[in-house]
$ cat input04.txt   # compact mmCIF, C-alpha atoms
# COMPACT_ATOMS: atom_id res chain seq x y z
CA MET A 1 0.00 0.00 0.00
CA THR A 2 1.44 3.37 -0.93
CA LEU A 3 1.11 6.65 0.89
CA SER A 4 -1.45 9.13 -0.38
CA PRO A 5 0.21 12.12 -1.97
CA THR A 6 -1.40 15.52 -1.72
CA PRO A 7 0.24 18.81 -2.67
CA ARG A 8 1.48 19.38 0.89
CA SER A 9 2.69 15.83 1.43
CA THR A 10 4.47 15.57 -1.93
CA ILE A 11 8.20 15.78 -1.45
CA ARG A 12 9.76 18.38 -3.75
CA ARG A 13 13.27 18.68 -2.34
CA GLY A 14 15.42 15.55 -2.41
CA LYS A 15 12.92 13.47 -4.36
CA ASP A 16 15.47 10.65 -4.55
CA ARG A 17 15.13 10.33 -0.77
CA ALA A 18 11.35 10.01 -0.82
CA VAL A 19 9.88 6.64 0.10
CA THR A 20 6.26 5.96 -0.84
CA ASP A 21 5.79 2.62 0.87
CA ARG A 22 3.38 2.62 3.81
CA ALA A 23 5.49 -0.02 5.56
CA ALA A 24 8.37 2.49 5.63
CA LEU A 25 6.12 4.99 7.41
CA GLU A 26 5.27 2.41 10.05
CA GLN A 27 8.93 1.45 10.46
CA VAL A 28 9.92 5.06 11.05
CA LEU A 29 7.09 5.53 13.55
CA ASP A 30 8.01 2.23 15.27
CA ALA A 31 11.62 3.34 15.58
CA GLY A 32 11.03 6.86 16.89
CA MET A 33 10.25 7.77 20.48
CA VAL A 34 9.40 11.47 20.30
CA CYS A 35 7.36 13.26 17.66
CA HIS A 36 7.23 16.97 16.93
CA LEU A 37 3.63 18.22 16.78
CA ALA A 38 3.12 21.53 14.95
CA PHE A 39 -0.04 23.59 14.90
CA VAL A 40 -1.15 27.18 14.39
CA THR A 41 -2.03 29.04 17.57
CA PRO A 42 -5.33 30.94 17.76
CA ASP A 43 -3.42 34.16 17.07
CA GLY A 44 -1.90 32.68 13.93
CA HIS A 45 1.59 31.81 15.12
CA PRO A 46 3.33 28.50 14.42
CA MET A 47 4.03 26.31 17.43
CA VAL A 48 5.90 23.01 17.64
CA VAL A 49 6.03 20.78 20.73
CA PRO A 50 7.91 17.51 21.24
CA THR A 51 5.78 14.75 22.71
CA GLY A 52 5.52 10.99 23.08
CA TYR A 53 3.20 9.07 20.78
CA GLY A 54 1.98 5.67 19.72
CA HIS A 55 0.37 4.36 16.57
CA GLU A 56 -1.94 1.50 15.62
CA ASP A 57 -4.01 0.56 12.60
CA GLY A 58 -3.24 3.70 10.64
CA THR A 59 -3.83 6.13 13.50
CA LEU A 60 -1.24 8.19 15.40
CA TYR A 61 -2.03 9.02 19.02
CA VAL A 62 -0.53 11.73 21.22
CA HIS A 63 -1.56 12.58 24.73
CA GLY A 64 -1.09 15.34 27.21
CA SER A 65 -2.72 17.31 29.97
CA THR A 66 -6.19 18.64 29.26
CA GLY A 67 -4.71 21.99 30.34
CA ALA A 68 -2.01 21.99 27.66
CA SER A 69 -2.55 24.69 25.06
CA SER A 70 -1.11 22.41 22.37
CA LEU A 71 -3.85 19.83 22.88
CA ARG A 72 -6.57 22.44 23.15
CA ALA A 73 -5.36 24.14 19.97
CA GLY A 74 -4.69 20.86 18.18
CA ALA A 75 -8.11 19.24 18.48
CA GLY A 76 -10.25 19.78 15.41
CA THR A 77 -7.54 21.75 13.63
CA GLN A 78 -4.84 20.97 11.14
CA VAL A 79 -1.62 19.66 12.60
CA CYS A 80 1.67 18.51 11.15
CA VAL A 81 3.68 15.82 12.92
CA ASN A 82 7.27 14.83 12.22
CA VAL A 83 9.34 11.95 13.57
CA THR A 84 13.05 12.03 12.68
CA MET A 85 15.95 9.78 13.63
CA LEU A 86 19.46 11.02 12.88
CA ASP A 87 21.67 8.10 11.79
CA GLY A 88 24.97 9.76 11.00
CA ILE A 89 26.97 12.72 9.72
CA VAL A 90 27.99 12.61 6.06
CA TYR A 91 31.40 14.22 5.46
CA SER A 92 31.95 15.33 1.88
CA ARG A 93 34.87 16.64 -0.18
CA SER A 94 32.95 19.91 -0.47
CA VAL A 95 31.26 22.02 2.19
CA PHE A 96 28.13 22.07 0.02
CA HIS A 97 27.64 18.31 -0.04
CA HIS A 98 28.00 17.71 3.68
CA SER A 99 24.80 16.06 4.83
CA VAL A 100 23.24 13.75 7.40
CA ASN A 101 21.78 10.28 7.19
CA TYR A 102 18.31 10.09 8.67
CA ARG A 103 14.87 8.54 8.62
CA SER A 104 11.99 10.99 8.73
CA ALA A 105 8.20 10.79 8.52
CA THR A 106 5.80 13.72 8.26
CA VAL A 107 2.04 13.42 8.68
CA HIS A 108 -0.55 16.12 7.93
CA GLY A 109 -4.17 16.11 8.91
CA GLU A 110 -6.90 17.22 11.24
CA ALA A 111 -6.39 16.00 14.78
CA ARG A 112 -9.47 14.84 16.62
CA GLN A 113 -9.94 14.53 20.36
CA VAL A 114 -10.57 10.96 21.52
CA THR A 115 -13.46 11.25 23.98
CA ASP A 116 -15.06 7.79 24.04
CA PRO A 117 -13.74 6.31 27.33
CA ASP A 118 -12.93 2.87 25.92
CA ALA A 119 -11.22 4.31 22.85
CA LYS A 120 -9.31 6.80 25.00
CA LEU A 121 -8.14 4.09 27.42
CA HIS A 122 -7.02 1.97 24.47
CA ALA A 123 -5.17 4.92 22.93
CA LEU A 124 -3.36 5.52 26.23
CA ARG A 125 -2.31 1.88 26.21
CA VAL A 126 -1.01 2.22 22.64
CA ILE A 127 1.05 5.26 23.67
CA THR A 128 2.38 3.54 26.81
CA ASP A 129 3.20 0.35 24.88
CA HIS A 130 5.26 2.47 22.48
CA ILE A 131 7.17 4.41 25.12
CA ALA A 132 7.48 1.69 27.76
CA PRO A 133 6.56 -1.71 26.25
CA GLY A 134 5.20 -4.11 28.84
CA ALA A 135 4.65 -1.50 31.53
CA TRP A 136 0.87 -1.23 31.05
CA ASP A 137 0.33 -4.75 32.40
CA HIS A 138 2.28 -4.07 35.59
CA ALA A 139 1.76 -0.44 36.54
CA ARG A 140 -1.37 0.85 38.23
CA GLY A 141 -3.96 1.94 35.68
CA PRO A 142 -5.31 5.47 35.50
CA SER A 143 -7.61 6.60 38.30
CA PRO A 144 -10.79 8.43 37.26
CA GLN A 145 -9.09 11.73 38.12
CA GLU A 146 -5.93 10.89 36.15
CA PHE A 147 -8.04 9.70 33.24
CA ALA A 148 -10.05 12.93 33.23
CA LYS A 149 -6.89 15.04 33.34
CA THR A 150 -5.46 13.33 30.25
CA ALA A 151 -6.40 14.41 26.74
CA VAL A 152 -5.71 12.22 23.70
CA LEU A 153 -5.51 13.39 20.10
CA ALA A 154 -5.80 11.05 17.12
CA LEU A 155 -4.48 11.70 13.63
CA ASP A 156 -5.06 9.52 10.57
CA LEU A 157 -1.81 8.26 9.01
CA HIS A 158 -3.22 9.01 5.59
CA GLU A 159 -1.52 12.12 4.26
CA ALA A 160 2.11 11.33 4.95
CA ALA A 161 5.59 11.59 3.52
CA VAL A 162 8.69 9.55 4.35
CA LYS A 163 12.27 10.55 3.56
CA ILE A 164 15.26 8.32 4.21
CA ARG A 165 18.91 9.07 3.47
CA THR A 166 21.56 6.38 3.77
CA GLY A 167 25.08 5.90 2.42
CA GLY A 168 28.06 8.07 1.67
CA PRO A 169 28.36 11.56 0.26
CA GLY A 170 26.95 12.63 -3.08
CA GLU A 171 29.81 14.56 -4.65
CA ASP A 172 30.30 17.04 -7.45
CA PRO A 173 32.04 15.14 -10.31
CA ASP A 174 34.82 17.75 -10.28
CA ASP A 175 35.69 16.66 -6.74
CA LEU A 176 36.11 13.03 -7.84
CA THR A 177 38.93 13.50 -10.35
CA PRO A 178 42.06 11.40 -9.59
CA ASP A 179 43.95 14.41 -8.22
CA ARG A 180 41.07 15.51 -5.98
CA VAL A 181 39.26 12.33 -4.89
CA GLY A 182 41.67 11.78 -2.00
CA ALA A 183 42.33 15.42 -1.15
CA THR A 184 39.77 15.51 1.66
CA TRP A 185 38.47 12.68 3.81
CA ALA A 186 34.88 11.79 3.00
CA GLY A 187 32.56 9.25 4.55
CA VAL A 188 30.02 8.69 7.26
CA LEU A 189 30.29 9.01 11.03
CA PRO A 190 27.41 6.83 12.28
CA LEU A 191 25.32 7.87 15.26
CA VAL A 192 24.37 4.91 17.44
CA ARG A 193 21.71 4.84 20.14
CA THR A 194 21.69 2.24 22.87
CA TRP A 195 19.82 1.73 26.11
CA GLY A 196 21.95 2.10 29.23
CA THR A 197 21.75 0.17 32.48
CA PRO A 198 18.33 0.42 34.17
CA GLN A 199 18.49 2.75 37.18
CA PRO A 200 16.00 1.67 39.87
CA CYS A 201 14.03 4.33 41.72
CA GLU A 202 15.78 5.03 45.02
CA LEU A 203 12.55 4.32 46.90
CA LEU A 204 12.34 0.81 45.46
CA PRO A 205 13.07 -2.00 47.98
CA ALA A 206 16.43 -3.62 47.17
CA ASP A 207 14.87 -7.02 46.54
CA VAL A 208 12.72 -5.83 43.63
CA ALA A 209 14.45 -7.09 40.50
CA VAL A 210 14.42 -5.25 37.20
CA PRO A 211 11.53 -6.90 35.35
CA ASP A 212 11.93 -8.86 32.17
CA TYR A 213 10.19 -6.26 29.99
CA VAL A 214 12.81 -3.69 31.00
CA THR A 215 15.90 -5.94 30.89
CA ARG A 216 14.88 -7.27 27.48
CA ARG A 217 14.66 -3.75 26.17
CA ALA A 218 17.96 -2.78 27.80
CA ARG A 219 19.69 -5.78 26.19
CA GLN A 220 18.48 -4.70 22.77
CA ASP A 221 20.85 -2.68 20.69
CA GLY A 222 18.85 0.43 21.35
CA PRO A 223 15.35 1.13 20.22
CA ARG A 224 15.71 0.24 16.57
CA TRP A 225 16.45 3.84 15.53
CA MET B 226 21.45 36.37 31.75
CA THR B 227 17.95 35.02 31.77
CA LEU B 228 15.68 34.20 28.86
CA SER B 229 13.04 36.72 27.90
CA PRO B 230 9.57 35.45 28.70
CA THR B 231 6.65 36.45 26.52
CA PRO B 232 3.18 34.92 26.68
CA ARG B 233 4.03 32.32 24.04
CA SER B 234 7.45 31.44 25.45
CA THR B 235 6.22 31.17 29.04
CA ILE B 236 6.03 27.55 30.10
CA ARG B 237 2.65 26.72 31.60
CA ARG B 238 2.78 22.94 31.76
CA GLY B 239 5.50 21.36 33.89
CA LYS B 240 6.75 24.65 35.32
CA ASP B 241 9.09 22.73 37.60
CA ARG B 242 10.95 21.61 34.48
CA ALA B 243 11.38 25.12 33.09
CA VAL B 244 14.89 26.54 33.06
CA THR B 245 15.32 30.27 32.64
CA ASP B 246 19.09 30.44 32.34
CA ARG B 247 20.42 31.51 28.92
CA ALA B 248 23.44 29.22 29.38
CA ALA B 249 21.04 26.25 29.51
CA LEU B 250 19.58 27.32 26.15
CA GLU B 251 23.05 27.37 24.63
CA GLN B 252 23.91 23.99 26.14
CA VAL B 253 20.80 22.41 24.66
CA LEU B 254 21.53 23.96 21.26
CA ASP B 255 25.19 22.85 21.50
CA ALA B 256 24.14 19.30 22.26
CA GLY B 257 21.48 18.91 19.56
CA MET B 258 22.15 18.10 15.92
CA VAL B 259 18.74 18.48 14.29
CA CYS B 260 16.13 21.17 14.96
CA HIS B 261 12.45 21.12 14.06
CA LEU B 262 11.44 24.31 12.23
CA ALA B 263 7.70 25.08 12.25
CA PHE B 264 5.96 27.74 10.20
CA VAL B 265 2.54 28.51 8.78
CA THR B 266 2.18 27.84 5.05
CA PRO B 267 0.67 30.56 2.81
CA ASP B 268 -2.64 28.67 2.91
CA GLY B 269 -2.63 28.70 6.70
CA HIS B 270 -1.53 25.15 7.49
CA PRO B 271 1.11 24.24 10.05
CA MET B 272 4.30 22.70 8.70
CA VAL B 273 7.30 21.31 10.58
CA VAL B 274 10.58 20.26 8.95
CA PRO B 275 13.67 18.75 10.57
CA THR B 276 16.90 20.46 9.56
CA GLY B 277 20.49 21.02 10.60
CA TYR B 278 21.44 24.27 12.30
CA GLY B 279 24.16 26.20 14.02
CA HIS B 280 24.18 29.07 16.50
CA GLU B 281 26.51 31.89 17.45
CA ASP B 282 26.25 35.09 19.47
CA GLY B 283 22.55 34.75 20.18
CA THR B 284 21.51 33.86 16.63
CA LEU B 285 20.29 30.53 15.31
CA TYR B 286 21.02 29.73 11.67
CA VAL B 287 19.38 27.15 9.42
CA HIS B 288 20.08 26.62 5.74
CA GLY B 289 18.50 24.89 2.82
CA SER B 290 17.93 25.04 -0.89
CA THR B 291 16.60 28.32 -2.24
CA GLY B 292 13.92 26.14 -3.84
CA ALA B 293 12.70 24.73 -0.51
CA SER B 294 9.21 25.91 0.35
CA SER B 295 10.11 25.92 4.04
CA LEU B 296 12.81 28.53 3.54
CA ARG B 297 10.69 30.61 1.18
CA ALA B 298 7.79 30.52 3.61
CA GLY B 299 10.03 31.02 6.64
CA ALA B 300 11.79 34.23 5.64
CA GLY B 301 10.15 37.31 7.10
CA THR B 302 7.52 35.29 8.92
CA GLN B 303 7.06 33.90 12.39
CA VAL B 304 8.70 30.56 13.00
CA CYS B 305 8.99 28.25 15.99
CA VAL B 306 12.06 26.07 16.39
CA ASN B 307 12.49 23.18 18.81
CA VAL B 308 15.57 21.12 19.66
CA THR B 309 14.94 18.06 21.86
CA MET B 310 17.21 15.32 23.11
CA LEU B 311 15.61 12.26 24.69
CA ASP B 312 17.71 11.03 27.62
CA GLY B 313 15.72 8.11 28.97
CA ILE B 314 12.40 6.44 29.68
CA VAL B 315 10.96 6.94 33.16
CA TYR B 316 9.08 3.88 34.41
CA SER B 317 6.58 4.64 37.17
CA ARG B 318 4.41 2.63 39.53
CA SER B 319 1.40 4.08 37.72
CA VAL B 320 0.64 4.33 34.02
CA PHE B 321 -0.14 8.03 34.52
CA HIS B 322 3.30 8.96 35.84
CA HIS B 323 5.35 7.24 33.14
CA SER B 324 7.47 9.91 31.53
CA VAL B 325 10.69 10.60 29.67
CA ASN B 326 13.86 12.45 30.61
CA TYR B 327 14.81 15.06 28.05
CA ARG B 328 16.38 18.41 27.31
CA SER B 329 14.34 20.70 25.09
CA ALA B 330 14.64 24.28 23.81
CA THR B 331 11.98 26.20 21.92
CA VAL B 332 12.61 29.53 20.17
CA HIS B 333 9.98 31.84 18.68
CA GLY B 334 10.56 34.75 16.38
CA GLU B 335 10.63 36.20 12.92
CA ALA B 336 13.16 34.49 10.68
CA ARG B 337 15.12 36.73 8.35
CA GLN B 338 16.93 35.71 5.20
CA VAL B 339 20.68 36.29 5.39
CA THR B 340 21.58 37.92 2.08
CA ASP B 341 24.83 39.79 2.71
CA PRO B 342 27.44 37.50 1.09
CA ASP B 343 29.98 37.73 3.93
CA ALA B 344 27.34 37.19 6.60
CA LYS B 345 25.84 34.30 4.64
CA LEU B 346 29.23 32.61 4.16
CA HIS B 347 29.91 33.01 7.88
CA ALA B 348 26.51 31.56 8.76
CA LEU B 349 27.21 28.55 6.54
CA ARG B 350 30.48 28.06 8.40
CA VAL B 351 28.65 28.22 11.74
CA ILE B 352 26.19 25.56 10.55
CA THR B 353 28.97 23.32 9.16
CA ASP B 354 31.04 23.74 12.34
CA HIS B 355 28.05 22.54 14.32
CA ILE B 356 27.24 19.51 12.16
CA ALA B 357 30.78 18.53 11.18
CA PRO B 358 33.31 20.38 13.37
CA GLY B 359 36.63 20.90 11.60
CA ALA B 360 35.36 20.04 8.14
CA TRP B 361 35.11 23.63 6.89
CA ASP B 362 38.91 24.05 6.94
CA HIS B 363 39.49 20.94 4.82
CA ALA B 364 36.56 20.61 2.41
CA ARG B 365 36.24 22.63 -0.77
CA GLY B 366 34.36 25.86 -0.12
CA PRO B 367 31.12 26.73 -1.89
CA SER B 368 31.32 27.58 -5.60
CA PRO B 369 29.39 30.68 -6.72
CA GLN B 370 26.66 28.39 -8.04
CA GLU B 371 26.46 26.36 -4.81
CA PHE B 372 26.47 29.58 -2.79
CA ALA B 373 23.62 31.01 -4.87
CA LYS B 374 21.58 27.82 -4.48
CA THR B 375 21.82 27.94 -0.69
CA ALA B 376 19.46 30.02 1.42
CA VAL B 377 20.19 30.86 5.06
CA LEU B 378 17.65 31.94 7.66
CA ALA B 379 18.61 33.66 10.92
CA LEU B 380 16.52 33.73 14.10
CA ASP B 381 17.30 35.72 17.23
CA LEU B 382 17.66 33.53 20.32
CA HIS B 383 15.65 36.06 22.29
CA GLU B 384 12.18 34.64 22.88
CA ALA B 385 13.00 31.16 24.09
CA ALA B 386 12.01 28.50 26.59
CA VAL B 387 14.04 25.59 27.95
CA LYS B 388 12.63 22.52 29.66
CA ILE B 389 14.77 19.81 31.20
CA ARG B 390 13.62 16.67 33.00
CA THR B 391 16.04 14.46 34.87
CA GLY B 392 15.75 11.84 37.58
CA GLY B 393 13.33 9.15 38.59
CA PRO B 394 9.55 9.01 38.52
CA GLY B 395 7.29 11.47 40.28
CA GLU B 396 4.74 9.27 41.99
CA ASP B 397 1.34 9.60 43.54
CA PRO B 398 1.81 9.35 47.35
CA ASP B 399 -0.72 6.49 47.43
CA ASP B 400 1.68 4.44 45.28
CA LEU B 401 4.54 4.92 47.78
CA THR B 402 2.94 3.28 50.82
CA PRO B 403 5.00 0.39 52.28
CA ASP B 404 2.73 -2.23 50.72
CA ARG B 405 2.77 -0.63 47.29
CA VAL B 406 6.22 1.00 46.89
CA GLY B 407 7.76 -2.27 45.70
CA ALA B 408 4.73 -3.67 43.85
CA THR B 409 5.94 -2.44 40.46
CA TRP B 410 9.45 -1.73 39.25
CA ALA B 411 10.12 1.96 38.81
CA GLY B 412 13.19 3.78 37.59
CA VAL B 413 14.92 5.11 34.52
CA LEU B 414 16.14 3.34 31.38
CA PRO B 415 18.77 5.75 30.04
CA LEU B 416 19.13 6.36 26.31
CA VAL B 417 22.77 6.74 25.28
CA ARG B 418 24.06 8.12 21.98
CA THR B 419 27.56 7.39 20.75
CA TRP B 420 29.42 7.89 17.52
CA GLY B 421 30.24 4.70 15.65
CA THR B 422 33.36 3.85 13.64
CA PRO B 423 33.98 6.29 10.77
CA GLN B 424 33.08 4.67 7.42
CA PRO B 425 35.28 6.04 4.64
CA CYS B 426 33.69 6.80 1.25
CA GLU B 427 34.32 3.83 -1.03
CA LEU B 428 35.89 6.12 -3.62
CA LEU B 429 38.52 7.31 -1.14
CA PRO B 430 42.07 6.01 -1.82
CA ALA B 431 43.06 3.45 0.83
CA ASP B 432 45.99 5.54 2.04
CA VAL B 433 43.83 8.49 3.11
CA ALA B 434 43.60 8.29 6.90
CA VAL B 435 40.58 9.36 8.90
CA PRO B 436 41.49 12.93 9.89
CA ASP B 437 41.97 14.05 13.44
CA TYR B 438 38.80 16.17 13.53
CA VAL B 439 36.73 13.05 12.75
CA THR B 440 38.57 10.56 14.98
CA ARG B 441 38.47 13.00 17.89
CA ARG B 442 34.73 13.26 17.50
CA ALA B 443 34.33 9.48 17.12
CA ARG B 444 36.31 8.91 20.33
CA GLN B 445 34.02 11.21 22.24
CA ASP B 446 31.19 9.64 24.13
CA GLY B 447 28.69 10.79 21.57
CA PRO B 448 27.71 14.32 20.79
CA ARG B 449 26.99 15.55 24.30
CA TRP B 450 23.27 14.96 23.96
$ encode --input "input04.txt" --output "structure tokens"
Amino acid sequence: MTLSPTPRSTIRRGKDRAVTDRAALEQVLDAGMVCHLAFVTPDGHPMVVPTGYGHEDGTLYVHGSTGASSLRAGAGTQVCVNVTMLDGIVYSRSVFHHSVNYRSATVHGEARQVTDPDAKLHALRVITDHIAPGAWDHARGPSPQEFAKTAVLALDLHEAAVKIRTGGPGEDPDDLTPDRVGATWAGVLPLVRTWGTPQPCELLPADVAVPDYVTRRARQDGPRW
Amino acid sequence: MTLSPTPRSTIRRGKDRAVTDRAALEQVLDAGMVCHLAFVTPDGHPMVVPTGYGHEDGTLYVHGSTGASSLRAGAGTQVCVNVTMLDGIVYSRSVFHHSVNYRSATVHGEARQVTDPDAKLHALRVITDHIAPGAWDHARGPSPQEFAKTAVLALDLHEAAVKIRTGGPGEDPDDLTPDRVGATWAGVLPLVRTWGTPQPCELLPADVAVPDYVTRRARQDGPRW
């Protein structure tokens, strides 16, 4: 299934880096941990806020306090969400062709508030499963007060664009002549993310072991991003 | 020197995480590699694009192709820029208090196009020094054509907000009673970023060593973010 291009989700710059496969969108969203949610404030100014998210069945969910201006402004209005992972710095023989390797997904659409209690509880689980897989089954669930204080926005993953850059520098042919190709080092310095050692809360009794769902994640070679 | 609060740069949610020290803003910008630039498109929609940046003397610079709609739309208009580094996942005894540790800076203002050739060349150096420190002195400088194709936006680091979260979970007191404090694991799973091994361009002659400015960076424990 391919992504649905519209004028605003059609990639014009760096078309060779555009990916139109819906599976690529889901892989980028799976790999990321923080999204950047942009909206227009009531007085017409742009605003962008970083926030956790989750996604399921073609819907992106973000949550926040019901008092947060971003969620108040975002519901029922157009938003733009981006998730980007930086994978490395691309050193080139020319200043101009220095670049970065990355995976990036951008989604446009009208965000809607999730108000049905069952749907909202499920969306909160989707978000928690993304940020802290396994935790939902062990932590205390939301109290009525906590539930009421939490707002959830949903956004269809319909109008979306994915850009991925991998590999070494793209060079000007004049910089690849035999006398110039080795004049300046060129290549990629990869950026690697890994999970560190779990740090227990200092109030936790000493005999409480780190649970399997945390140690398994910590043993992974980072969140796959 | 403290940051300059305005209604839109005053942090309302999570005030305890707000930092009003200008040095903290510079540290967050120093540590980040990618910013998220938000603006309002001519037809009134929000748009956010990830991009490299640099900063110097209270000014943030971003660059891009003169053909990029983001830079055309951004010049002379209000923009909002965010730089966020995720530092870890905070596991709590309750679903509600799960969180993330992070450092985040948001800047609001009117972006201006940098057109003076000397100022533009300097801004490009500032951006390159941030993304690939040391490379500017070794790579070929921009040709007139490359220079003409590159647009640079400048944004004053005046109206800004910094939020930083560190440490373990904030819990509901009811979850810290003797019978409940150890019922669920709680703590922090740190996220660590490191530079990998430099990967030379395959066209590079085998006798060209990785230069000092790249190996020094690769030996560092990641970009300090």
$ interface_residues --input "input04.txt" --of "chain B" --to "chain A" --cutoff "6 Å" --atoms "only C-alpha atoms" --output "VMD selection string"
chain B and resid 263 to 265 271 to 272 304 to 305 318 to 321 364 to 367 393 407 411 to 421 423 to 426 429 to 430
$ atom_distance --input "input04.txt" --atom1 "CA of Asp118 (chain A)" --atom2 "CA of Gly76 (chain A)"
20.1 Å
$ atom_distance --input "input04.txt" --atom1 "CA of Ala379 (chain B)" --atom2 "CA of Leu346 (chain B)"
12.6 Å
$ residues_around --input "input04.txt" --residues "Val351 (chain B)" --least-positions-apart "2" --cutoff "8 Å" --atoms "only C-alpha atoms" --output "JSON, numbers by chain"
{"B": [279, 280, 281, 286, 347, 348, 349, 353, 354, 355]}
$ atom_distance --input "input04.txt" --atom1 "CA of Ala385 (chain B)" --atom2 "CA of Val339 (chain B)"
20.9 Å
